[in-house]
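What follows is the content of input_37.cif, which has mmCIF, C-alpha atoms:
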```cif
data_input
#
loop_
_atom_site.label_atom_id
_atom_site.label_comp_id
_atom_site.auth_asym_id
_atom_site.auth_seq_id
_atom_site.Cartn_x
_atom_site.Cartn_y
_atom_site.Cartn_z
CA MET A 2 82.85 -65.79 81.75
CA ASP A 3 80.81 -64.24 84.52
CA LYS A 4 81.97 -63.07 87.92
CA HIS A 5 79.81 -63.87 90.91
CA GLU A 6 78.92 -61.33 93.53
CA GLY A 7 78.27 -61.94 97.20
CA ARG A 8 79.83 -64.84 99.08
CA ASP A 9 81.08 -66.43 95.80
CA ALA A 10 82.80 -63.19 94.75
CA GLY A 11 86.18 -64.86 94.26
CA THR A 12 84.97 -67.60 91.91
CA ILE A 13 84.58 -67.35 88.18
CA ARG A 14 82.00 -69.36 86.30
CA LEU A 15 82.65 -70.29 82.70
CA ASP A 16 79.63 -70.39 80.41
CA ASP A 17 80.44 -73.43 78.37
CA PRO A 18 78.38 -73.86 75.18
CA TRP A 19 79.09 -77.62 75.23
CA TYR A 20 77.72 -78.06 78.78
CA ASP A 21 74.71 -80.35 78.61
CA ALA A 22 72.47 -79.48 81.52
CA LEU A 23 70.16 -82.48 81.04
CA ALA A 24 73.11 -84.86 81.06
CA VAL A 25 74.04 -83.76 84.57
CA GLY A 26 70.53 -83.98 85.98
CA TRP A 27 69.28 -80.39 85.73
CA GLY A 28 65.74 -80.00 84.53
CA GLU A 29 64.63 -83.54 85.32
CA GLY A 30 61.46 -83.28 87.32
CA GLY A 31 60.48 -81.01 90.15
CA GLU A 32 61.51 -77.95 88.17
CA PRO A 33 58.81 -75.38 87.55
CA SER A 34 57.91 -74.72 83.94
CA PRO A 35 59.36 -71.54 82.41
CA PRO A 36 57.25 -68.43 82.86
CA ARG A 37 54.73 -67.71 80.15
CA PRO A 38 55.00 -64.40 78.30
CA ASP A 39 52.50 -61.65 78.96
CA ALA A 40 49.37 -61.72 76.82
CA GLY A 41 50.24 -58.50 74.97
CA THR A 42 53.86 -59.37 74.10
CA ARG A 43 55.23 -61.45 71.30
CA PRO A 44 56.73 -64.68 72.68
CA ALA A 45 60.47 -65.13 72.33
CA PRO A 46 61.52 -67.84 69.90
CA SER A 47 61.88 -71.25 71.53
CA ALA A 48 65.06 -73.29 71.46
CA SER A 49 63.65 -75.43 68.65
CA ASP A 50 62.96 -72.28 66.63
CA ILE A 51 66.55 -71.18 67.12
CA TYR A 52 67.90 -74.56 66.00
CA LEU A 53 65.60 -74.65 62.96
CA GLU A 54 66.75 -71.15 62.03
CA VAL A 55 70.38 -72.23 62.30
CA GLN A 56 69.68 -75.38 60.29
CA ARG A 57 68.23 -73.25 57.48
CA SER A 58 71.17 -70.83 57.55
CA ALA A 59 73.73 -70.70 54.76
CA ALA A 60 76.57 -71.27 57.23
CA PHE A 61 75.07 -74.54 58.47
CA GLN A 62 74.39 -75.71 54.93
CA GLU A 63 78.01 -74.95 54.04
CA VAL A 64 79.28 -77.03 56.97
CA ARG A 65 77.03 -79.94 55.92
CA ARG A 66 78.12 -79.59 52.28
CA ARG A 67 81.79 -79.71 53.27
CA TYR A 68 81.12 -82.76 55.42
CA ARG A 69 79.33 -84.61 52.62
CA ARG A 70 81.96 -83.66 50.04
CA PHE A 71 84.56 -85.50 52.12
CA VAL A 72 82.61 -88.35 53.68
CA VAL A 73 80.71 -89.67 50.65
CA PRO A 74 83.76 -90.16 48.38
CA ALA A 75 85.92 -91.41 51.27
CA THR A 76 83.30 -93.96 52.30
CA ALA A 77 82.77 -95.11 48.72
CA GLY A 78 86.52 -95.41 48.12
CA PHE A 79 87.15 -97.31 51.33
CA PHE A 80 84.19 -99.63 50.68
CA LEU A 81 85.43 -100.39 47.15
CA TRP A 82 88.94 -101.06 48.47
CA TYR A 83 87.50 -103.47 51.06
CA VAL A 84 85.28 -105.25 48.53
CA ALA A 85 88.24 -105.55 46.12
CA TYR A 86 90.27 -107.20 48.89
CA VAL A 87 87.49 -109.68 49.73
CA VAL A 88 86.79 -110.46 46.06
CA ALA A 89 90.49 -110.93 45.29
CA ALA A 90 90.91 -113.23 48.30
CA THR A 91 87.90 -115.28 47.16
CA ALA A 92 88.25 -115.20 43.37
CA ALA A 93 92.04 -115.22 42.98
CA PRO A 94 93.56 -117.25 45.81
CA GLY A 95 96.58 -118.02 43.67
CA VAL A 96 97.41 -114.34 43.23
CA MET A 97 96.85 -113.62 46.92
CA ALA A 98 99.10 -116.57 47.91
CA ARG A 99 101.97 -115.35 45.76
CA PRO A 100 105.01 -114.77 48.02
CA VAL A 101 106.53 -111.28 48.04
CA ILE A 102 109.35 -111.55 50.57
CA GLY A 103 109.87 -114.81 52.43
CA ALA A 104 106.65 -115.81 54.19
CA VAL A 105 104.98 -112.48 53.38
CA ASN A 106 102.49 -112.86 50.55
CA VAL A 107 100.19 -110.53 48.61
CA ALA A 108 97.18 -111.31 50.87
CA LEU A 109 99.12 -110.34 54.00
CA LEU A 110 100.26 -107.07 52.44
CA ALA A 111 96.73 -106.29 51.26
CA GLY A 112 95.36 -107.08 54.75
CA LEU A 113 97.93 -104.79 56.34
CA GLY A 114 96.99 -102.24 53.69
CA GLN A 115 93.42 -102.39 55.01
CA PHE A 116 94.66 -101.37 58.46
CA LEU A 117 96.94 -98.70 57.07
CA SER A 118 94.17 -97.24 54.92
CA THR A 119 91.87 -97.13 57.98
CA PHE A 120 94.42 -95.08 59.91
CA LEU A 121 95.10 -92.83 56.92
CA LEU A 122 91.40 -92.24 56.39
CA THR A 123 90.95 -91.41 60.07
CA TRP A 124 93.84 -88.94 59.92
CA ALA A 125 92.48 -87.39 56.69
CA TYR A 126 89.00 -87.03 58.21
CA ALA A 127 90.33 -85.37 61.37
CA ARG A 128 92.49 -83.02 59.31
CA HIS A 129 89.61 -82.14 57.00
CA ALA A 130 87.31 -81.48 59.95
CA ARG A 131 89.90 -79.30 61.68
CA LEU A 132 90.72 -77.26 58.58
CA ARG A 133 87.36 -77.05 56.82
CA ARG A 134 84.50 -77.49 59.33
CA ASP A 135 85.40 -77.10 62.99
CA ARG A 136 85.72 -73.32 63.06
CA ALA A 137 82.45 -72.77 61.19
CA ALA A 138 80.65 -75.33 63.37
CA LEU A 139 81.96 -73.70 66.54
CA ASP A 140 80.84 -70.28 65.26
CA LEU A 141 77.36 -71.72 64.72
CA ARG A 142 77.40 -73.24 68.19
CA TRP A 143 78.34 -69.92 69.76
CA THR A 144 75.59 -68.19 67.78
CA VAL A 145 73.02 -70.63 69.18
CA PHE A 146 74.50 -70.29 72.67
CA GLU A 147 74.22 -66.50 72.55
CA GLN A 148 70.63 -66.65 71.33
CA GLU A 149 69.68 -69.09 74.07
CA ARG A 150 71.47 -66.96 76.64
CA GLY A 151 69.50 -63.93 75.44
CA GLN A 152 66.29 -65.90 75.90
CA ASP A 153 67.31 -66.83 79.44
CA ARG A 154 68.01 -63.19 80.26
CA ASN A 155 64.63 -62.13 78.87
CA ARG A 156 62.88 -64.82 80.91
CA ALA A 157 64.73 -63.73 84.04
CA ARG A 158 63.73 -60.09 83.45
CA ARG A 159 60.09 -61.06 82.93
CA ALA A 160 60.09 -63.26 86.02
CA GLY A 161 61.59 -60.44 88.08
CA ARG A 162 58.76 -58.04 87.22
#
```
Would you put the structure from the file into structure tokens?
Amino acid sequence: MDKHEGRDAGTIRLDDPWYDALAVGWGEGGEPSPPRPDAGTRPAPSASDIYLEVQRSAAFQEVRRRYRRFVVPATAGFFLWYVAYVVAATAAPGVMARPVIGAVNVALLAGLGQFLSTFLLTWAYARHARLRRDRAALDLRWTVFEQERGQDRNRARRAGR
């Protein structure tokens, strides 16, 4: 959070790491290119270098590993459950037509089970993300944000010279 000076002294600007400048029209034409570094200085890492560095980091790999450890088995399990339902409905219509309570049969219960399992899987995914990945992913995002902000400050200093 930065405080403005001058005529906007009473306003506070939040530096939001999720703010997408290109999505709101900034940087689309008419903008001058960023200043080039002096010939004798080492250029600051570009945004792509920062993202590649983060992608290679152990923290990012851990977030991806946690994601895969949940999503791959959950997707396989849900797909098998769906295929079992379709195969049972096709191969064993007599079993699926068996009444359970009144007009409710096995096929109807299995179909409702498909919906229920979808909601349960969504809940489990959201819970897993919140407990196992979100904090680490946000820490990575803030790391990238701080590095990019440092680059912007360095560019501003060089441009002011």
**Prompt:** Taking all atoms listed in the file into account, which of A:Tyr86, A:Phe79, A:Tyr52, A:Phe71 comes nearest Leu121 (chain A)?
**Reply:**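 Closest to Leu121 (chain A) of all the choices is A:Phe79.
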**Prompt:** How far is it from CA of Ala48 (chain A) to CA of Asp135 (chain A), in Å with one decimal?
**Reply:**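 If I compute the distance from CA of Ala48 (chain A) to CA of Asp135 (chain A), I get 22.4 Å.
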**Asked** Quick one, how far is CA of Arg67 (chain A) from CA of Tyr126 (chain A)?
**Response** 11.4 Å
**Request:** Name the residues in contact with Tyr68 (chain A) at a cut-off of 9 Å, using all atoms listed in the file, excluding same-chain residues fewer than 6 positions from it; report them as a ChimeraX atom specification.
**Result:** /A:129-130,133-134
**Message:** List as a VMD selection string the protein and nucleic acid residues near Leu109 (chain A), meaning an atom at most 10 Å away when all atoms listed in the file are counted, but skip any in the same chain fewer than 6 places from it.
**Reply:** chain A and resid 97 to 98 100 to 101 115
**Request:** Would you mind reading off the distance between CA of Val145 (chain A) and CA of Val55 (chain A), one decimal, in Å?
**Result:**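 Atom-to-atom, CA of Val145 (chain A) and CA of Val55 (chain A) are spaced 7.5 Å apart.
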